[in-house]
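Asks: Starting off with a structure, shown below.
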Amino acid sequence: MTIHSQNIVPNWNFVQGMIGEVPEFWKATNPRPAQAPIFKLIQENGQKVLMAGGNGDVNCVGCLHASIPIVLGKTYRMKVEFAVSDDVEPYQNLLFAIYTEHFNDGIFHYTYSEGHYKGENTFFIPGDGEINGEVRIYFKLSSQGKAWIKFVTLEECEAIPPRKARVACVQGMAELENWERVLEFIGKKGVDLVLLPETFRSKNFEDAENIDGPSAALMSSKAKQHRMYVSGTFFHLDQSDGYLYNTGLIMDRNGQIVGRYDKNHPFTSELLDGGVAPGEDVPVFDTDFGKIGMMICYDSWFTDVTELLALKGAEIILFPSAGYYQSIIPARASDNCVRIVASSLDCPMGIWDTSGAEVQNPNADPTRFANCDNTFSDVYREEVFGIKILFASLDLNVSPSPHNWGGPMRSAPGGRRNRREQKKGLFDQIQSELTLTKKKGE
């Protein structure tokens, strides 16, 4: 179906209205008048621009909004372009959103080029009939900052198609020969990605391998043979620096290494008894179906690896382990709006969606309200050569929240940068508490 797009935002480029006043068709609203930010048209290089700014109060908050006609059951694309003063952080101080009585969404990612930020988002508004909604521009938590907004548009667009990834995870221990048979079995199922457990070949430090050792060779061979991504970890003696790492590799469909992650949080016995060095990087890797990252076993007890992967754009986090505490994984997934695929030597395998639902029992938590159909399908289990296998297809274009009251503006934050309603991050304070440093005079 061809979509004849038309921008439905009135005075979208703010050319109508008096200098020093709010643009025509727009209205300023704020919850507390004393904290109201400033919205007004200004003249810049001979053109009218909407300026949003602080009123001297660091807790300022308010919005400029315009009424728009919405046809339910359609997909829309919202776009914005703006510039800011040096004391404005766009993710903290600005928000561009659409609201109806039962729906809300907004722009949660910006790009920067030549002094201007651009952002866009595409969303489906469910239902039937026609209603009125609002486009809103929020300015918040900046006393003196300014933003110069060039335009805001909203147009009907083509529907968002499914983006499926077929994944498999496993549970159990086996010799390398049996892992080869397991990968052969999984490969014939036509999966896009399979995850093996942590140190699936050997948990012994003395069995450390080169980067092209037997574990990597097996994963590479089966990835190439069955045109699938294969991942797992092994103790790796790095020839470049002489250190021992717990290294996870991701092989692409050609059997080439597309990603390497060294465990950032070695288990205490790994470091103290085996000398396993902590990794320092938390990379995200591109595949032909989406962006993936990895955390390994003990990493899961800390929030930082998952959070950083999500902020870098990971859609699926691979989680190989020897064993893990299953109850924290829904939090890691839903906190960051990511999917987690877990394979383990000793604990249950599992696959969690962005709402924290595990695909084998998605309704286990009565406090989860994703308010949408399941984003996974074709879920089933197999067992071969003593290894349990879980299969599922994941739609990476649908990422629900566990508390979804109409959309991401009234839901769990899900890692969205501009849903952190705080004036100052706590990261420096956390780092200070982790460091024992004598103060002067002590």
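Identifiers in this document derive from the order of the structure tokens: chains are assigned A, B, ..., residues are numbered from 1 separately in each chain, and ligands are numbered from 1 in order of occurrence.
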Need the shell around region 213-225 of chain A: protein/DNA/RNA residues with any atom at most 8 Å away, counting only C-alpha atoms. Skip same-chain ones fewer than 4 positions apart. Format as number ranges by chain?

Replies: A: 176, 180, 183-184, 187, 201, 209, 229-234, 249, 251-257

Asks: Taking 5 positions as the minimum chain separation for residues in the same chain, which residues sit within 6 Å of region 265-273 of chain A when counting only C-alpha atoms? Answer as a PyMOL selection string.

Replies: chain A and resi 278+298-299

Asks: When DSSP works through the backbone of this structure, what residues of region 261-415 of chain A end up as helix (DSSP H, G or I), shown as a VMD selection string?

Replies: chain A and resid 268 to 274 297 to 301 304 to 311 326 to 336 408 to 410

Asks: Ranking A:Thr29, A:Asn374, A:Thr75, A:Gln144 by minimum distance to Pro161 (chain A) and counting only C-alpha atoms, which one comes first?

Replies: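 Ranked by minimum distance to Pro161 (chain A), first place goes to A:Thr75.
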
Asks: Taking only C-alpha atoms into account, name the residue in A:Arg381, A:Arg420, A:Arg332, A:Lys48 that is nearest to Glu307 (chain A).

Replies: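 Closest residue, counting only C-alpha atoms: A:Arg332.
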
Asks: Hey, what's within 9 Å of Arg417 (chain A) if we count only C-alpha atoms and toss same-chain stuff fewer than 5 positions away? As a list of chain:residue names, please?

Replies: A:Tyr91, A:Gln92, A:Phe108, A:His109, A:Leu311

Asks: If you keep C-alpha atoms, can you produce a file of those selected residues as a PDB file, in the first residue's frame?

Replies:
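Full text of again05.pdb as output:
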```pdb
ATOM      1  CA  TYR A  91      18.567  13.701  26.644  1.00  0.00           C
ATOM      2  CA  GLN A  92      18.127  15.303  30.052  1.00  0.00           C
ATOM      3  CA  PHE A 108      14.537   8.783  22.270  1.00  0.00           C
ATOM      4  CA  HIS A 109      17.647   8.974  20.118  1.00  0.00           C
ATOM      5  CA  LEU A 311      23.108   2.404  25.745  1.00  0.00           C
TER       6      LEU A 311
END
```

Asks: Considering only C-alpha atoms, give me a table of residues in region 61-168 of chain A that are at most 9 Å from region 387-399 of chain A, with the closest atom pair and distance in Å for each, as a tab-separated table.

Replies:
```
residue	atom	partner	partner_atom	distance
A:Ile160	CA	A:Asn397	CA	7.5
A:Pro161	CA	A:Asn397	CA	7.5
A:Pro162	CA	A:Asp395	CA	5.9
A:Arg163	CA	A:Asp395	CA	5.2
A:Lys164	CA	A:Asp395	CA	4.5
A:Ala165	CA	A:Leu394	CA	5.2
A:Arg166	CA	A:Ser393	CA	4.3
A:Val167	CA	A:Ala392	CA	5.6
A:Ala168	CA	A:Phe391	CA	4.5
```

Asks: Output C-alpha atoms for every residue in the selection just made, as a PDB file, in the first residue's frame.

Replies:
```pdb
ATOM      1  CA  ILE A 160       6.884  -1.402  10.626  1.00  0.00           C
ATOM      2  CA  PRO A 161       7.599  -4.935   9.314  1.00  0.00           C
ATOM      3  CA  PRO A 162       8.652  -7.769  11.655  1.00  0.00           C
ATOM      4  CA  ARG A 163      12.410  -8.271  12.021  1.00  0.00           C
ATOM      5  CA  LYS A 164      12.799 -11.865  13.147  1.00  0.00           C
ATOM      6  CA  ALA A 165      15.855 -13.568  14.586  1.00  0.00           C
ATOM      7  CA  ARG A 166      15.745 -17.305  15.235  1.00  0.00           C
ATOM      8  CA  VAL A 167      17.910 -18.144  18.257  1.00  0.00           C
ATOM      9  CA  ALA A 168      18.888 -21.251  20.224  1.00  0.00           C
TER      10      ALA A 168
END
```

Asks: Using only C-alpha atoms, can you tell me which of A:Tyr138, A:Tyr245, A:Trp179, A:Phe319 comes closest to Ile211 (chain A)?

Replies: A:Tyr245

Asks: So the first atom is CA of Leu196 (chain A) and the second is CA of Ile329 (chain A); what is the distance between them in Å, to one decimal place?

Replies: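 According to the coordinates, CA of Leu196 (chain A) and CA of Ile329 (chain A) are separated by 17.7 Å.
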
Asks: Name the closest residue to Gly54 (chain A) among the candidates A:Ser300, A:Asn30, A:Thr306, A:Ser142; distances are taken between atoms, counting only C-alpha atoms.

Replies: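 That would be A:Ser142, the residue with the smallest distance to Gly54 (chain A).
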
Asks: Show which residues sit within 12 Å of region 422-437 of chain A, as a ChimeraX atom specification. Count only C-alpha atoms, and ignore same-chain residues fewer than 6 positions away.

Replies: /A:58-60,88-89,91-93,140-143,303-304

Asks: For C-alpha atoms, I'd like the residues from the last selection saved as an mmCIF file, in the first residue's frame.

Replies:
```cif
data_model
loop_
_atom_site.group_PDB
_atom_site.id
_atom_site.type_symbol
_atom_site.label_atom_id
_atom_site.label_comp_id
_atom_site.auth_asym_id
_atom_site.auth_seq_id
_atom_site.Cartn_x
_atom_site.Cartn_y
_atom_site.Cartn_z
ATOM 1 C CA VAL A 58 17.021 24.490 37.983
ATOM 2 C CA ASN A 59 13.781 22.528 38.517
ATOM 3 C CA CYS A 60 11.919 24.204 35.652
ATOM 4 C CA VAL A 88 21.896 21.849 27.722
ATOM 5 C CA GLU A 89 22.040 18.062 27.544
ATOM 6 C CA TYR A 91 18.567 13.701 26.644
ATOM 7 C CA GLN A 92 18.127 15.303 30.052
ATOM 8 C CA ASN A 93 16.602 18.683 29.254
ATOM 9 C CA LYS A 140 13.051 20.623 31.898
ATOM 10 C CA LEU A 141 15.692 20.763 34.645
ATOM 11 C CA SER A 142 17.863 23.558 33.253
ATOM 12 C CA SER A 143 17.991 27.008 34.811
ATOM 13 C CA THR A 303 24.292 -3.643 36.417
ATOM 14 C CA ASP A 304 27.011 -1.872 34.456
#
```

Asks: If you run DSSP on the backbone here, which positions in region 192-346 of chain A get strand (DSSP E or B)? Please write them as a ChimeraX atom specification.

Replies: /A:193-195,209,229-237,244-251,257-262,276,285-286,291-294,316-321,339-344

Asks: With N, CA and C atoms retained, could you export that selection as a tab-separated table (two decimals), in the first residue's frame?

Replies:
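part02.tsv, freshly written:
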```
chain	number	residue	atom	x	y	z
A	193	LEU	N	21.23	-17.82	15.17
A	193	LEU	CA	22.27	-17.71	16.19
A	193	LEU	C	22.10	-18.81	17.22
A	194	VAL	N	23.22	-19.38	17.66
A	194	VAL	CA	23.21	-20.35	18.75
A	194	VAL	C	24.28	-19.95	19.76
A	195	LEU	N	23.92	-20.05	21.03
A	195	LEU	CA	24.84	-19.69	22.11
A	195	LEU	C	25.20	-20.93	22.91
A	209	GLU	N	43.40	-21.70	25.82
A	209	GLU	CA	43.62	-21.86	24.38
A	209	GLU	C	44.10	-20.56	23.76
A	229	TYR	N	25.26	-17.75	13.12
A	229	TYR	CA	26.17	-17.18	14.10
A	229	TYR	C	26.30	-18.17	15.27
A	230	VAL	N	27.53	-18.35	15.76
A	230	VAL	CA	27.79	-19.25	16.88
A	230	VAL	C	28.64	-18.50	17.90
A	231	SER	N	28.27	-18.64	19.18
A	231	SER	CA	29.01	-17.95	20.23
A	231	SER	C	29.21	-18.85	21.43
A	232	GLY	N	30.29	-18.64	22.15
A	232	GLY	CA	30.60	-19.34	23.38
A	232	GLY	C	31.89	-18.78	23.95
A	233	THR	N	32.30	-19.26	25.14
A	233	THR	CA	33.52	-18.72	25.75
A	233	THR	C	34.50	-19.82	26.10
A	234	PHE	N	35.75	-19.40	26.33
A	234	PHE	CA	36.82	-20.32	26.74
A	234	PHE	C	37.90	-19.51	27.44
A	235	PHE	N	38.72	-20.18	28.23
A	235	PHE	CA	39.88	-19.51	28.82
A	235	PHE	C	40.91	-19.31	27.71
A	236	HIS	N	41.27	-18.05	27.53
A	236	HIS	CA	42.08	-17.66	26.38
A	236	HIS	C	43.40	-17.06	26.85
A	237	LEU	N	44.50	-17.66	26.46
A	237	LEU	CA	45.82	-17.11	26.75
A	237	LEU	C	46.20	-16.20	25.59
A	244	LEU	N	45.72	-14.12	30.77
A	244	LEU	CA	44.66	-15.11	30.64
A	244	LEU	C	43.32	-14.40	30.78
A	245	TYR	N	42.40	-14.64	29.85
A	245	TYR	CA	41.07	-14.03	29.86
A	245	TYR	C	40.00	-15.10	29.76
A	246	ASN	N	38.82	-14.78	30.24
A	246	ASN	CA	37.62	-15.56	29.92
A	246	ASN	C	36.98	-14.86	28.73
A	247	THR	N	37.20	-15.39	27.55
A	247	THR	CA	36.88	-14.70	26.30
A	247	THR	C	35.68	-15.32	25.62
A	248	GLY	N	34.75	-14.46	25.23
A	248	GLY	CA	33.62	-14.89	24.42
A	248	GLY	C	33.83	-14.44	22.99
A	249	LEU	N	33.60	-15.35	22.05
A	249	LEU	CA	33.69	-15.03	20.63
A	249	LEU	C	32.32	-15.17	19.98
A	250	ILE	N	32.11	-14.40	18.94
A	250	ILE	CA	30.93	-14.54	18.09
A	250	ILE	C	31.42	-14.76	16.67
A	251	MET	N	31.06	-15.90	16.11
A	251	MET	CA	31.42	-16.24	14.73
A	251	MET	C	30.25	-15.90	13.80
A	257	ILE	N	35.46	-14.35	12.95
A	257	ILE	CA	35.19	-13.68	14.23
A	257	ILE	C	34.61	-12.31	13.95
A	258	VAL	N	33.37	-12.09	14.40
A	258	VAL	CA	32.73	-10.79	14.25
A	258	VAL	C	32.72	-10.04	15.57
A	259	GLY	N	32.99	-10.75	16.67
A	259	GLY	CA	33.00	-10.08	17.97
A	259	GLY	C	33.82	-10.85	18.99
A	260	ARG	N	34.47	-10.09	19.87
A	260	ARG	CA	35.21	-10.66	21.00
A	260	ARG	C	34.88	-9.83	22.24
A	261	TYR	N	34.55	-10.51	23.33
A	261	TYR	CA	34.33	-9.84	24.61
A	261	TYR	C	35.08	-10.59	25.69
A	262	ASP	N	35.90	-9.86	26.46
A	262	ASP	CA	36.60	-10.43	27.60
A	262	ASP	C	35.84	-10.08	28.87
A	276	VAL	N	42.94	-14.85	36.13
A	276	VAL	CA	42.18	-14.38	34.96
A	276	VAL	C	42.05	-12.86	35.01
A	285	PHE	N	28.19	-5.55	18.67
A	285	PHE	CA	28.56	-6.08	17.36
A	285	PHE	C	27.36	-6.07	16.42
A	286	ASP	N	27.61	-5.70	15.17
A	286	ASP	CA	26.57	-5.71	14.14
A	286	ASP	C	26.47	-7.10	13.52
A	291	LYS	N	21.82	-5.79	16.41
A	291	LYS	CA	23.01	-5.52	17.20
A	291	LYS	C	23.02	-6.41	18.46
A	292	ILE	N	24.16	-7.03	18.74
A	292	ILE	CA	24.25	-7.94	19.88
A	292	ILE	C	25.47	-7.60	20.73
A	293	GLY	N	25.37	-7.93	22.01
A	293	GLY	CA	26.49	-7.80	22.93
A	293	GLY	C	26.56	-9.04	23.80
A	294	MET	N	27.47	-9.03	24.77
A	294	MET	CA	27.66	-10.22	25.60
A	294	MET	C	28.00	-9.82	27.03
A	316	ILE	N	20.07	-7.66	21.53
A	316	ILE	CA	20.16	-8.97	22.17
A	316	ILE	C	21.46	-9.02	22.95
A	317	ILE	N	21.39	-9.48	24.20
A	317	ILE	CA	22.60	-9.72	24.98
A	317	ILE	C	22.75	-11.22	25.18
A	318	LEU	N	23.88	-11.75	24.73
A	318	LEU	CA	24.18	-13.16	24.91
A	318	LEU	C	24.76	-13.35	26.32
A	319	PHE	N	24.27	-14.38	27.01
A	319	PHE	CA	24.63	-14.57	28.42
A	319	PHE	C	25.05	-16.02	28.65
A	320	PRO	N	26.30	-16.38	28.32
A	320	PRO	CA	26.82	-17.70	28.66
A	320	PRO	C	27.27	-17.73	30.11
A	321	SER	N	27.02	-18.85	30.79
A	321	SER	CA	27.41	-18.94	32.19
A	321	SER	C	27.73	-20.38	32.56
A	339	ARG	N	16.81	-7.94	24.97
A	339	ARG	CA	16.51	-9.37	25.07
A	339	ARG	C	17.76	-10.08	25.58
A	340	ILE	N	17.59	-11.08	26.41
A	340	ILE	CA	18.72	-11.83	26.94
A	340	ILE	C	18.56	-13.30	26.60
A	341	VAL	N	19.60	-13.87	26.03
A	341	VAL	CA	19.64	-15.29	25.67
A	341	VAL	C	20.69	-15.95	26.56
A	342	ALA	N	20.26	-16.92	27.39
A	342	ALA	CA	21.13	-17.52	28.39
A	342	ALA	C	21.37	-18.99	28.12
A	343	SER	N	22.64	-19.37	28.08
A	343	SER	CA	23.06	-20.78	28.05
A	343	SER	C	23.94	-21.04	29.25
A	344	SER	N	23.81	-22.23	29.85
A	344	SER	CA	24.52	-22.49	31.10
A	344	SER	C	24.96	-23.94	31.21
```

Asks: Quote the spacing between CA of Ile328 (chain A) and CA of Pro400 (chain A) in Å to one decimal place.

Replies: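 Separating CA of Ile328 (chain A) from CA of Pro400 (chain A) is a distance of 18.4 Å.
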
Asks: Can you work out the spacing between CA of Gly386 (chain A) and CA of Asn178 (chain A) in Å, to one decimal?

Replies: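 Between CA of Gly386 (chain A) and CA of Asn178 (chain A) the gap is 9.0 Å.
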
Asks: Of the residues A:Cys63, A:Ala97, A:Met78, A:Leu50, which is the one nearest to Ile149 (chain A), using only C-alpha atoms?

Replies: A:Leu50

Asks: Excluding Phe123 (chain A) and any residue of its chain fewer than 3 positions from it, enumerate the residues within 10 Å of it, using only C-alpha atoms, and give them as a PyMOL selection string.

Replies: chain A and resi 74-78+104-106+126+156-157+159-160+398+407

Asks: Write the residues of the selection above to a file with C-alpha atoms, as a compact mmCIF listing (two decimals), in the first residue's frame.

Replies:
```txt
# COMPACT_ATOMS: atom_id res chain seq x y z
CA LYS A 74 -1.92 3.73 11.41
CA THR A 75 1.87 4.06 11.66
CA TYR A 76 3.49 7.47 12.05
CA ARG A 77 7.00 8.89 11.86
CA MET A 78 8.00 11.82 14.06
CA ASN A 104 2.08 7.94 24.08
CA ASP A 105 5.47 7.77 22.41
CA GLY A 106 8.36 10.04 21.55
CA PRO A 126 -3.55 0.96 17.73
CA GLU A 156 1.79 8.72 8.35
CA CYS A 157 4.24 6.14 6.99
CA ALA A 159 3.87 -0.10 8.69
CA ILE A 160 6.88 -1.40 10.63
CA VAL A 398 8.80 -4.76 18.88
CA GLY A 407 3.49 3.66 25.53
```

Asks: Given only C-alpha atoms as the basis, pick out the residue of A:Arg136, A:Gly242, A:Val170, A:Val338 nearest to Gly313 (chain A).

Replies: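 Among A:Arg136, A:Gly242, A:Val170, A:Val338, it is A:Val338 that comes nearest to Gly313 (chain A).
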